[in-house]
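Below is upload-v2.txt, holding compact mmCIF, C-alpha atoms.
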```txt
# COMPACT_ATOMS: atom_id res chain seq x y z
CA MET S 1 -64.11 49.95 -158.29
CA PHE S 2 -63.95 46.42 -156.93
CA LYS S 3 -66.23 43.41 -156.78
CA LEU S 4 -65.97 40.18 -154.80
CA ARG S 5 -67.09 36.83 -156.19
CA LYS S 6 -66.54 33.09 -155.83
CA ALA S 7 -63.61 31.81 -157.87
CA GLU S 8 -64.33 29.79 -161.01
CA PRO S 9 -62.16 27.31 -162.97
CA ARG S 10 -61.08 30.13 -165.34
CA ASP S 11 -59.51 31.94 -162.35
CA VAL S 12 -56.79 29.34 -161.60
CA SER S 13 -54.04 31.32 -163.39
CA ALA S 14 -54.94 34.44 -161.41
CA ILE S 15 -55.08 32.40 -158.18
CA LEU S 16 -51.63 30.94 -158.83
CA ARG S 17 -50.26 34.41 -159.68
CA LEU S 18 -51.56 35.78 -156.36
CA ILE S 19 -50.33 32.73 -154.38
CA LYS S 20 -46.86 33.49 -155.77
CA GLU S 21 -47.17 37.21 -154.98
CA LEU S 22 -48.14 36.41 -151.39
CA ALA S 23 -45.28 33.91 -151.09
CA LYS S 24 -42.92 36.62 -152.42
CA TYR S 25 -44.33 39.07 -149.82
CA GLU S 26 -43.51 36.40 -147.18
CA GLU S 27 -40.05 36.00 -148.77
CA MET S 28 -40.76 32.35 -149.61
CA GLU S 29 -41.39 32.58 -153.36
CA GLY S 30 -39.26 29.55 -154.26
CA ARG S 31 -41.51 27.30 -152.15
CA VAL S 32 -44.55 27.43 -154.47
CA LEU S 33 -44.57 24.09 -156.26
CA LEU S 34 -48.24 23.92 -157.24
CA THR S 35 -49.26 24.28 -160.88
CA GLU S 36 -52.46 25.60 -162.48
CA LYS S 37 -53.40 21.99 -163.22
CA ASP S 38 -53.10 21.09 -159.51
CA LEU S 39 -55.23 24.07 -158.53
CA LEU S 40 -57.85 23.15 -161.12
CA GLU S 41 -58.13 19.51 -160.03
CA ASP S 42 -57.92 20.24 -156.32
CA GLY S 43 -60.35 23.16 -156.27
CA PHE S 44 -62.85 22.43 -159.00
CA GLY S 45 -62.95 18.65 -159.24
CA GLU S 46 -65.43 16.25 -157.70
CA HIS S 47 -64.05 16.76 -154.20
CA PRO S 48 -62.78 20.33 -153.76
CA PHE S 49 -60.02 20.68 -151.17
CA TYR S 50 -60.24 24.46 -151.02
CA GLN S 51 -62.59 27.36 -151.80
CA CYS S 52 -61.66 30.81 -153.06
CA ILE S 53 -63.10 34.28 -153.10
CA VAL S 54 -61.51 36.64 -155.62
CA ALA S 55 -61.55 40.46 -155.71
CA GLU S 56 -61.80 41.99 -159.18
CA TRP S 57 -60.90 45.56 -160.06
CA GLN S 58 -62.26 47.50 -162.97
CA GLU S 59 -61.43 51.12 -163.75
CA GLU S 60 -64.65 53.14 -164.02
CA GLN S 61 -65.81 53.66 -167.59
CA SER S 62 -63.20 51.32 -168.93
CA ASN S 63 -63.66 48.62 -171.56
CA GLU S 64 -60.79 46.55 -170.21
CA GLU S 65 -61.42 43.13 -168.66
CA PRO S 66 -61.67 43.31 -164.87
CA LYS S 67 -58.42 42.22 -163.20
CA VAL S 68 -58.16 39.88 -160.23
CA ILE S 69 -56.20 41.84 -157.57
CA GLY S 70 -57.00 39.98 -154.37
CA PHE S 71 -58.09 36.60 -153.06
CA ALA S 72 -58.86 34.54 -150.01
CA MET S 73 -58.40 30.76 -149.97
CA TYR S 74 -60.27 28.89 -147.25
CA TYR S 75 -61.67 25.51 -146.24
CA PHE S 76 -63.46 23.95 -143.29
CA THR S 77 -61.66 22.21 -140.45
CA TYR S 78 -62.82 20.66 -137.18
CA ASP S 79 -61.97 21.43 -133.59
CA PRO S 80 -62.83 18.50 -131.31
CA TRP S 81 -63.71 20.94 -128.51
CA ILE S 82 -66.05 23.27 -130.41
CA GLY S 83 -66.79 21.79 -133.81
CA LYS S 84 -66.62 23.33 -137.29
CA ILE S 85 -64.05 25.99 -138.04
CA LEU S 86 -63.54 28.17 -141.10
CA TYR S 87 -59.82 28.06 -141.84
CA LEU S 88 -58.38 31.01 -143.72
CA GLU S 89 -55.41 29.57 -145.60
CA ASP S 90 -54.29 32.50 -147.81
CA PHE S 91 -55.46 36.10 -147.86
CA PHE S 92 -53.84 38.75 -150.07
CA VAL S 93 -54.56 42.03 -151.82
CA VAL S 94 -52.07 43.39 -154.38
CA GLU S 95 -50.14 46.29 -152.80
CA GLU S 96 -51.41 49.12 -155.00
CA PHE S 97 -55.00 48.16 -154.17
CA ARG S 98 -54.65 48.14 -150.39
CA GLY S 99 -56.31 50.75 -148.19
CA LYS S 100 -59.55 50.69 -150.25
CA GLY S 101 -61.49 48.43 -147.89
CA ILE S 102 -61.09 45.32 -150.07
CA GLY S 103 -59.51 43.25 -147.28
CA SER S 104 -62.24 44.26 -144.84
CA GLU S 105 -64.95 43.34 -147.37
CA ILE S 106 -63.34 39.93 -147.90
CA LEU S 107 -63.26 39.35 -144.14
CA LYS S 108 -66.90 40.42 -143.90
CA LEU S 109 -67.86 37.91 -146.61
CA LEU S 110 -65.92 35.16 -144.82
CA SER S 111 -67.55 36.10 -141.51
CA ASP S 112 -71.02 35.92 -143.11
CA LEU S 113 -70.10 32.49 -144.45
CA ALA S 114 -68.78 31.33 -141.06
CA MET S 115 -72.08 32.33 -139.43
CA LYS S 116 -74.14 30.67 -142.17
CA THR S 117 -72.20 27.39 -141.90
CA HIS S 118 -72.34 27.37 -138.08
CA CYS S 119 -68.60 27.74 -137.61
CA SER S 120 -67.62 28.67 -134.06
CA ASN S 121 -64.27 30.19 -134.94
CA MET S 122 -62.06 31.25 -137.82
CA HIS S 123 -58.43 30.08 -137.62
CA PHE S 124 -55.34 31.05 -139.61
CA VAL S 125 -51.56 31.30 -139.21
CA VAL S 126 -49.45 34.41 -139.60
CA ALA S 127 -45.67 34.65 -139.68
CA GLU S 128 -44.52 36.25 -136.43
CA ASP S 129 -42.60 39.04 -138.20
CA ASN S 130 -45.52 39.99 -140.46
CA ARG S 131 -46.40 42.92 -138.24
CA SER S 132 -48.79 44.75 -140.56
CA SER S 133 -50.91 41.61 -141.04
CA ILE S 134 -50.85 40.86 -137.30
CA GLU S 135 -52.00 44.43 -136.67
CA PHE S 136 -54.75 44.14 -139.32
CA TYR S 137 -56.10 40.98 -137.65
CA LYS S 138 -55.67 42.09 -134.02
CA HIS S 139 -57.49 45.33 -134.81
CA ARG S 140 -60.47 43.14 -135.72
CA GLY S 141 -60.32 41.04 -132.56
CA ALA S 142 -58.00 38.18 -133.54
CA GLU S 143 -56.16 36.41 -130.71
CA ASP S 144 -52.69 34.96 -130.97
CA LEU S 145 -53.23 31.39 -129.76
CA SER S 146 -49.52 30.60 -130.11
CA LYS S 147 -48.73 33.38 -127.67
CA GLU S 148 -51.66 32.86 -125.31
CA GLU S 149 -51.87 29.08 -125.22
CA GLY S 150 -48.49 27.98 -126.55
CA TRP S 151 -49.70 26.08 -129.62
CA ARG S 152 -46.92 25.35 -132.11
CA LEU S 153 -47.40 24.21 -135.70
CA PHE S 154 -45.54 21.02 -136.64
CA ARG S 155 -45.20 19.08 -139.83
CA PHE S 156 -44.03 15.75 -141.24
CA VAL S 157 -42.61 16.14 -144.76
CA GLU S 158 -42.82 13.44 -147.42
CA ASP S 159 -39.59 11.66 -146.40
CA SER S 160 -40.72 11.28 -142.81
CA ILE S 161 -44.14 10.06 -143.95
CA LEU S 162 -42.53 7.46 -146.23
CA LYS S 163 -40.37 6.25 -143.34
CA MET S 164 -43.37 5.91 -141.04
CA ALA S 165 -45.39 4.15 -143.75
CA ALA S 166 -42.64 1.57 -144.39
CA PRO S 167 -43.20 -1.81 -142.70
CA ALA S 168 -42.01 -1.63 -139.10
CA ASP S 169 -38.92 -3.66 -138.23
CA LYS S 170 -39.75 -6.69 -136.10
CA MET C 171 -54.07 -7.20 -127.90
CA PHE C 172 -55.11 -4.21 -129.96
CA LYS C 173 -56.75 -3.60 -133.30
CA LEU C 174 -57.10 -0.41 -135.37
CA ARG C 175 -60.21 0.39 -137.40
CA LYS C 176 -62.19 3.28 -138.88
CA ALA C 177 -64.69 4.84 -136.50
CA GLU C 178 -68.41 4.16 -136.98
CA PRO C 179 -71.48 6.11 -135.77
CA ARG C 180 -71.79 3.83 -132.71
CA ASP C 181 -68.33 5.03 -131.59
CA VAL C 182 -69.28 8.66 -130.89
CA PRO C 183 -69.57 8.18 -127.10
CA ALA C 184 -66.06 6.65 -127.04
CA ILE C 185 -64.71 9.43 -129.29
CA LEU C 186 -66.15 12.11 -126.99
CA ARG C 187 -64.77 10.31 -123.92
CA LEU C 188 -61.27 10.28 -125.46
CA ILE C 189 -61.53 13.91 -126.64
CA LYS C 190 -62.24 14.83 -123.00
CA GLU C 191 -59.39 12.67 -121.72
CA LEU C 192 -56.96 14.36 -124.13
CA ALA C 193 -58.27 17.80 -123.16
CA LYS C 194 -57.76 16.85 -119.49
CA TYR C 195 -54.18 15.72 -120.32
CA GLU C 196 -53.67 19.19 -121.89
CA GLU C 197 -55.26 20.76 -118.77
CA MET C 198 -58.10 22.23 -120.84
CA GLU C 199 -60.92 19.83 -119.95
CA ASP C 200 -63.61 22.54 -119.53
CA ARG C 201 -63.09 23.72 -123.07
CA VAL C 202 -64.83 20.68 -124.60
CA LEU C 203 -68.28 21.94 -125.59
CA LEU C 204 -69.13 19.35 -128.27
CA THR C 205 -71.83 16.78 -127.64
CA GLU C 206 -72.29 13.25 -128.99
CA LYS C 207 -74.96 14.63 -131.31
CA ASP C 208 -72.51 17.19 -132.76
CA LEU C 209 -69.94 14.46 -133.35
CA LEU C 210 -72.54 12.26 -135.01
CA ASP C 211 -73.89 15.00 -137.31
CA ASP C 212 -70.43 16.36 -138.13
CA GLY C 213 -68.62 13.07 -138.66
CA PHE C 214 -71.19 10.73 -140.11
CA GLY C 215 -73.58 12.99 -142.01
CA GLU C 216 -73.65 13.85 -145.68
CA HIS C 217 -70.50 16.01 -145.58
CA PRO C 218 -68.22 14.63 -142.85
CA CYS C 219 -66.08 17.36 -141.29
CA TYR C 220 -63.61 14.86 -139.80
CA GLN C 221 -62.45 11.22 -139.97
CA CYS C 222 -61.37 8.97 -137.13
CA PHE C 223 -59.26 5.86 -136.57
CA LEU C 224 -59.83 4.01 -133.32
CA ALA C 225 -57.66 1.61 -131.34
CA GLU C 226 -59.58 -1.17 -129.61
CA TRP C 227 -58.18 -3.36 -126.83
CA GLN C 228 -59.31 -6.83 -125.96
CA GLU C 229 -57.75 -9.01 -123.29
CA GLU C 230 -56.71 -12.34 -124.78
CA GLN C 231 -59.21 -15.14 -124.22
CA SER C 232 -61.76 -12.72 -122.82
CA ASN C 233 -65.47 -12.60 -123.60
CA GLU C 234 -65.70 -8.92 -122.78
CA GLU C 235 -66.49 -6.34 -125.48
CA PRO C 236 -63.34 -4.74 -126.90
CA LYS C 237 -62.74 -1.30 -125.39
CA VAL C 238 -61.75 1.82 -127.34
CA ILE C 239 -58.48 3.04 -125.78
CA GLY C 240 -57.02 5.33 -128.45
CA PHE C 241 -57.99 7.47 -131.41
CA ALA C 242 -56.77 9.80 -134.12
CA MET C 243 -59.02 12.48 -135.60
CA TYR C 244 -57.92 13.90 -138.95
CA TYR C 245 -59.12 15.69 -142.09
CA PHE C 246 -57.64 17.07 -145.31
CA THR C 247 -56.45 20.63 -145.68
CA TYR C 248 -54.73 22.52 -148.49
CA ASP C 249 -51.40 24.27 -148.64
CA PRO C 250 -51.31 26.73 -151.56
CA TRP C 251 -47.59 26.03 -152.06
CA ILE C 252 -47.67 22.22 -152.16
CA GLY C 253 -51.29 21.07 -152.31
CA LYS C 254 -53.13 18.48 -150.22
CA VAL C 255 -52.14 18.02 -146.60
CA LEU C 256 -53.33 15.44 -144.06
CA TYR C 257 -54.11 17.36 -140.88
CA LEU C 258 -53.86 15.41 -137.64
CA GLU C 259 -56.27 17.17 -135.29
CA ASP C 260 -56.33 14.91 -132.22
CA PHE C 261 -54.18 11.89 -131.36
CA PHE C 262 -54.39 10.11 -128.01
CA VAL C 263 -53.80 6.72 -126.36
CA VAL C 264 -55.09 6.12 -122.83
CA GLU C 265 -52.14 6.22 -120.40
CA GLU C 266 -52.15 2.58 -119.27
CA PHE C 267 -52.00 1.43 -122.90
CA ARG C 268 -49.00 3.52 -123.94
CA GLY C 269 -45.64 1.93 -124.75
CA LYS C 270 -47.26 -0.96 -126.66
CA GLY C 271 -46.70 0.46 -130.14
CA ILE C 272 -50.30 1.61 -130.59
CA GLY C 273 -49.34 5.23 -131.29
CA SER C 274 -46.73 4.15 -133.84
CA LYS C 275 -49.25 1.87 -135.53
CA ILE C 276 -51.77 4.73 -135.77
CA LEU C 277 -49.12 6.98 -137.29
CA LYS C 278 -48.24 4.26 -139.78
CA LEU C 279 -51.89 3.96 -140.82
CA LEU C 280 -52.12 7.74 -141.23
CA SER C 281 -48.88 7.76 -143.22
CA ASP C 282 -50.20 5.02 -145.53
CA LEU C 283 -53.35 7.10 -146.02
CA ALA C 284 -51.35 10.28 -146.69
CA ILE C 285 -49.39 8.50 -149.41
CA GLU C 286 -52.52 6.89 -150.89
CA THR C 287 -54.32 10.27 -151.07
CA ARG C 288 -51.20 12.02 -152.40
CA CYS C 289 -50.75 14.36 -149.46
CA SER C 290 -47.36 16.09 -149.49
CA ASN C 291 -47.24 16.71 -145.78
CA MET C 292 -48.94 15.93 -142.49
CA HIS C 293 -49.53 18.96 -140.23
CA PHE C 294 -50.61 19.21 -136.59
CA VAL C 295 -50.19 21.50 -133.59
CA VAL C 296 -48.69 20.59 -130.23
CA ALA C 297 -48.71 22.69 -127.06
CA GLU C 298 -45.18 23.92 -126.35
CA GLY C 299 -45.33 22.51 -122.79
CA ASN C 300 -46.16 19.00 -124.01
CA HIS C 301 -42.55 17.73 -124.04
CA SER C 302 -43.27 14.00 -124.29
CA SER C 303 -45.51 14.46 -127.37
CA ILE C 304 -42.98 16.82 -128.99
CA GLU C 305 -40.31 14.17 -128.38
CA PHE C 306 -42.55 11.42 -129.82
CA TYR C 307 -43.07 13.42 -133.02
CA LYS C 308 -39.53 14.75 -133.39
CA HIS C 309 -38.18 11.22 -133.00
CA ARG C 310 -40.15 10.38 -136.15
CA GLY C 311 -38.87 13.35 -138.14
CA ALA C 312 -41.42 16.06 -137.33
CA GLU C 313 -40.25 19.68 -137.72
CA ASP C 314 -41.41 22.56 -135.56
CA LEU C 315 -42.58 25.11 -138.12
CA SER C 316 -43.39 27.65 -135.42
CA LYS C 317 -39.80 27.54 -134.29
CA GLU C 318 -38.16 27.26 -137.73
CA GLU C 319 -40.36 29.58 -139.77
CA GLY C 320 -42.12 31.67 -137.13
CA TRP C 321 -45.70 30.65 -137.95
CA ARG C 322 -48.18 31.56 -135.21
CA LEU C 323 -51.73 30.24 -134.90
CA PHE C 324 -54.41 32.92 -134.64
CA CYS C 325 -58.11 32.75 -133.99
CA PHE C 326 -61.21 34.94 -134.45
CA ASP C 327 -63.81 33.82 -131.93
CA LYS C 328 -67.56 34.06 -132.44
CA ASP C 329 -67.86 37.60 -131.05
CA SER C 330 -65.21 38.93 -133.44
CA ILE C 331 -66.83 37.07 -136.33
CA LEU C 332 -70.24 38.57 -135.50
CA LYS C 333 -68.71 42.06 -135.38
CA MET C 334 -67.04 41.61 -138.76
CA ALA C 335 -70.19 40.12 -140.28
CA ALA C 336 -72.22 43.09 -139.09
CA SER C 337 -69.69 45.70 -140.23
```
Spell out the structure here as structure tokens.
Amino acid sequence: MFKLRKAEPRDVSAILRLIKELAKYEEMEGRVLLTEKDLLEDGFGEHPFYQCIVAEWQEEQSNEEPKVIGFAMYYFTYDPWIGKILYLEDFFVVEEFRGKGIGSEILKLLSDLAMKTHCSNMHFVVAEDNRSSIEFYKHRGAEDLSKEEGWRLFRFVEDSILKMAAPADK
Amino acid sequence: MFKLRKAEPRDVPAILRLIKELAKYEEMEDRVLLTEKDLLDDGFGEHPCYQCFLAEWQEEQSNEEPKVIGFAMYYFTYDPWIGKVLYLEDFFVVEEFRGKGIGSKILKLLSDLAIETRCSNMHFVVAEGNHSSIEFYKHRGAEDLSKEEGWRLFCFDKDSILKMAAS
């Protein structure tokens, strides 16, 4: 059976393991550069940059330690039209534990939290070819803002930032 | 001439005015539901949800109050692959003040801040029909992750959230 709880500092190795499993699922495993130390400082320091819910599994009548088999990483963002948003950054359940309602329970917990913190919306990105995830979300009412309103996600990487930060030529 | 500075509580009317002007530019003016009170509580309370830089303009040798003619709203997010990210939520300069280097100066300030706070990347969304903004960003090295990696932005609105919370 499973249990959901807030992540604690001792969970950073499990969180990193699941981040890598999700990246592998998205065929981008080589892109994970974060370390356990980064996750510890960034999530459990004086100014946390993210929050995590973890799903633990324990076989009934077993003496083994419960195992972390799912997680959701989230934080709060701000939409200048409607205010506070709960942003779902990563959301993953290990394959053999899917279909047991764990994902739905995590979403329920996040929805409760969104209501409690007066968030108007929940936002997240999905890769366009991740059809099972898109289906999972659409089934629960999610709208594809990229499709409906044409929003595209852009980024500046470190090199571009360094160039923009350098003193402008006169 | 212009000057950039951090926004203060007294700036919320100007911030809301510019949010509406940007929404109008994006042809979504009716979608702005925030009030000055929301902006005050959310930006200048105990746990600010956003930060703002403002651009002020003052005519040389004028006694008039400087006028806020541009802004950038940002906050910090987290990428589980690379860590801290500076997220640029809104970025706008009033039309008659464009072409004076104000936008570039704002981006420079944000870039300095990103480096100072050890952010690996700066992220933001642009509407695909907004060609001049896309050009402005691409000229400075921005990459279109939606195009290159297929990321699509999704949203659960309040109704869907209520249904999931009640389930």
Open item on the list: With distances taken over all atoms listed in the file, which residue among C:Glu230, C:Val202, C:Pro218, C:Ser303 lies nearest chain S?
Closed with: C:Val202
- [ ] Could you check which of C:Ile272, C:Ile252, C:Val263, C:Leu323 is closest to Leu39 (chain S), using all atoms listed in the file?
- [x] C:Ile252
Task: Nearby residues, (-61.7, 26.7, -145.3) file frame, 8 Å, all atoms listed in the file, as an NGL selection string - done: :S and (50-51 or 73-77 or 85-89)
Open item on the list: Which residues are near Leu188 (chain C)? Cut-off 8 Å, all atoms listed in the file, ignore same chain within fewer than 4 positions. Put them as an MDAnalysis selection string.
Closed with: chainID C and resid 184 192 239:241 262 264
TODO: Using all atoms listed in the file, determine which residues of chain S fall within 7 Å of chain C; present them as a count of residues only.
DONE: 46
Task: Straight-line distance linking CA of Pro9 (chain S) with CA of Gly43 (chain S), stated in Å to one decimal - done: 8.1 Å
Task: Pick from S:His47, S:Lys147, S:Lys20, S:Lys6, whichever lies nearest to Asp90 (chain S) using only C-alpha atoms - done: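 Going through S:His47, S:Lys147, S:Lys20, S:Lys6 one by one, the smallest distance to Asp90 (chain S) is for S:Lys20.
Going from CA of Asp11 (chain S) to CA of Gly99 (chain S) covers 23.8 Å.
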Open item on the list: Can you tell me which residues surround region 58-71 of chain S at a distance of at most 6 Å, considering only C-alpha atoms, apart from same-chain residues fewer than 5 positions away, and format the answer as an MDAnalysis selection string?
Closed with: chainID S and resid 1 53 91:94
- [ ] Please measure the separation of CA of Leu224 (chain C) and CA of Asp181 (chain C), giving the value in Å to one decimal.
- [x]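 That distance, rounded to one decimal, is 8.7 Å.
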Taking (-61.9, 45.7, -152.0) as a centre in this file's frame and 7 Å as the limit, can you find every polymer residue with an atom that close, using all atoms listed in the file, and give them as a PDB file with C-alpha atoms, in the frame of the given file?
```
ATOM      1  CA  PHE S   2     -63.950  46.420-156.930  1.00  0.00           C
ATOM      2  CA  LYS S   3     -66.230  43.410-156.780  1.00  0.00           C
ATOM      3  CA  ALA S  55     -61.550  40.460-155.710  1.00  0.00           C
ATOM      4  CA  LYS S 100     -59.550  50.690-150.250  1.00  0.00           C
ATOM      5  CA  GLY S 101     -61.490  48.430-147.890  1.00  0.00           C
ATOM      6  CA  ILE S 102     -61.090  45.320-150.070  1.00  0.00           C
ATOM      7  CA  GLY S 103     -59.510  43.250-147.280  1.00  0.00           C
ATOM      8  CA  GLU S 105     -64.950  43.340-147.370  1.00  0.00           C
TER       9      GLU S 105
END
```
Can you report as JSON the centre and edge lengths in Å, to one decimal, of an axis-aligned box around the listed atoms of region 22-39 of chain S padded with 8 Å on each side?
```
{"center_x": -47.2, "center_y": 30.1, "center_z": -155.2, "size_x": 32.0, "size_y": 34.0, "size_z": 32.0}
```
For region 154-163 of chain S, supply all heavy atoms and report the output as a JSON list (two decimals), in the coordinates of the input.
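Saved file rebuild-v2.json follows:
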```
[["chain", "number", "residue", "atom", "x", "y", "z"],
["S", 154, "PHE", "N", -46.54, 22.00, -136.26],
["S", 154, "PHE", "CA", -45.54, 21.02, -136.64],
["S", 154, "PHE", "C", -45.89, 20.42, -137.99],
["S", 154, "PHE", "O", -47.03, 20.48, -138.44],
["S", 154, "PHE", "CB", -45.49, 19.89, -135.60],
["S", 154, "PHE", "CG", -44.63, 20.20, -134.40],
["S", 154, "PHE", "CD1", -45.03, 21.15, -133.48],
["S", 154, "PHE", "CD2", -43.43, 19.54, -134.20],
["S", 154, "PHE", "CE1", -44.23, 21.45, -132.37],
["S", 154, "PHE", "CE2", -42.63, 19.82, -133.09],
["S", 154, "PHE", "CZ", -43.03, 20.77, -132.17],
["S", 155, "ARG", "N", -44.89, 19.80, -138.61],
["S", 155, "ARG", "CA", -45.20, 19.08, -139.83],
["S", 155, "ARG", "C", -44.27, 17.87, -139.99],
["S", 155, "ARG", "O", -43.13, 17.86, -139.52],
["S", 155, "ARG", "CB", -45.05, 19.98, -141.05],
["S", 155, "ARG", "CG", -43.62, 20.10, -141.49],
["S", 155, "ARG", "CD", -43.46, 20.68, -142.87],
["S", 155, "ARG", "NE", -42.07, 21.13, -142.98],
["S", 155, "ARG", "CZ", -41.64, 22.07, -143.78],
["S", 155, "ARG", "NH1", -42.49, 22.69, -144.57],
["S", 155, "ARG", "NH2", -40.38, 22.41, -143.80],
["S", 156, "PHE", "N", -44.81, 16.86, -140.72],
["S", 156, "PHE", "CA", -44.03, 15.75, -141.24],
["S", 156, "PHE", "C", -43.95, 15.98, -142.74],
["S", 156, "PHE", "O", -44.98, 16.12, -143.39],
["S", 156, "PHE", "CB", -44.73, 14.40, -141.03],
["S", 156, "PHE", "CG", -44.65, 13.85, -139.63],
["S", 156, "PHE", "CD1", -45.80, 13.67, -138.86],
["S", 156, "PHE", "CD2", -43.43, 13.49, -139.07],
["S", 156, "PHE", "CE1", -45.73, 13.16, -137.57],
["S", 156, "PHE", "CE2", -43.34, 12.97, -137.77],
["S", 156, "PHE", "CZ", -44.50, 12.81, -137.02],
["S", 157, "VAL", "N", -42.74, 16.02, -143.30],
["S", 157, "VAL", "CA", -42.61, 16.14, -144.76],
["S", 157, "VAL", "C", -42.65, 14.74, -145.37],
["S", 157, "VAL", "O", -42.66, 13.73, -144.67],
["S", 157, "VAL", "CB", -41.32, 16.87, -145.18],
["S", 157, "VAL", "CG1", -41.32, 18.28, -144.67],
["S", 157, "VAL", "CG2", -40.09, 16.11, -144.73],
["S", 158, "GLU", "N", -42.63, 14.70, -146.70],
["S", 158, "GLU", "CA", -42.82, 13.44, -147.42],
["S", 158, "GLU", "C", -41.85, 12.34, -146.99],
["S", 158, "GLU", "O", -42.26, 11.19, -146.80],
["S", 158, "GLU", "CB", -42.73, 13.68, -148.93],
["S", 158, "GLU", "CG", -43.36, 12.57, -149.74],
["S", 158, "GLU", "CD", -44.10, 13.07, -150.98],
["S", 158, "GLU", "OE1", -43.87, 14.22, -151.41],
["S", 158, "GLU", "OE2", -44.92, 12.31, -151.51],
["S", 159, "ASP", "N", -40.58, 12.68, -146.81],
["S", 159, "ASP", "CA", -39.59, 11.66, -146.40],
["S", 159, "ASP", "C", -39.96, 11.00, -145.08],
["S", 159, "ASP", "O", -39.88, 9.77, -144.94],
["S", 159, "ASP", "CB", -38.20, 12.31, -146.21],
["S", 159, "ASP", "CG", -37.53, 12.53, -147.55],
["S", 159, "ASP", "OD1", -38.03, 11.99, -148.56],
["S", 159, "ASP", "OD2", -36.51, 13.25, -147.58],
["S", 160, "SER", "N", -40.35, 11.83, -144.12],
["S", 160, "SER", "CA", -40.72, 11.28, -142.81],
["S", 160, "SER", "C", -41.96, 10.42, -142.92],
["S", 160, "SER", "O", -42.07, 9.37, -142.26],
["S", 160, "SER", "CB", -40.98, 12.41, -141.81],
["S", 160, "SER", "OG", -39.87, 13.26, -141.75],
["S", 161, "ILE", "N", -42.91, 10.83, -143.76],
["S", 161, "ILE", "CA", -44.14, 10.06, -143.95],
["S", 161, "ILE", "C", -43.80, 8.70, -144.57],
["S", 161, "ILE", "O", -44.29, 7.65, -144.13],
["S", 161, "ILE", "CB", -45.16, 10.81, -144.84],
["S", 161, "ILE", "CG1", -45.61, 12.09, -144.15],
["S", 161, "ILE", "CG2", -46.36, 9.93, -145.18],
["S", 161, "ILE", "CD1", -46.50, 12.99, -145.01],
["S", 162, "LEU", "N", -42.93, 8.71, -145.58],
["S", 162, "LEU", "CA", -42.53, 7.46, -146.23],
["S", 162, "LEU", "C", -41.86, 6.52, -145.22],
["S", 162, "LEU", "O", -42.12, 5.33, -145.21],
["S", 162, "LEU", "CB", -41.57, 7.74, -147.39],
["S", 162, "LEU", "CG", -42.25, 8.20, -148.67],
["S", 162, "LEU", "CD1", -41.24, 8.84, -149.62],
["S", 162, "LEU", "CD2", -42.96, 7.05, -149.37],
["S", 163, "LYS", "N", -41.03, 7.10, -144.34],
["S", 163, "LYS", "CA", -40.37, 6.25, -143.34],
["S", 163, "LYS", "C", -41.38, 5.65, -142.39],
["S", 163, "LYS", "O", -41.29, 4.48, -142.02],
["S", 163, "LYS", "CB", -39.34, 7.07, -142.54],
["S", 163, "LYS", "CG", -38.07, 7.32, -143.28],
["S", 163, "LYS", "CD", -36.99, 7.92, -142.38],
["S", 163, "LYS", "CE", -35.79, 8.32, -143.20],
["S", 163, "LYS", "NZ", -35.46, 9.74, -143.08]]
```
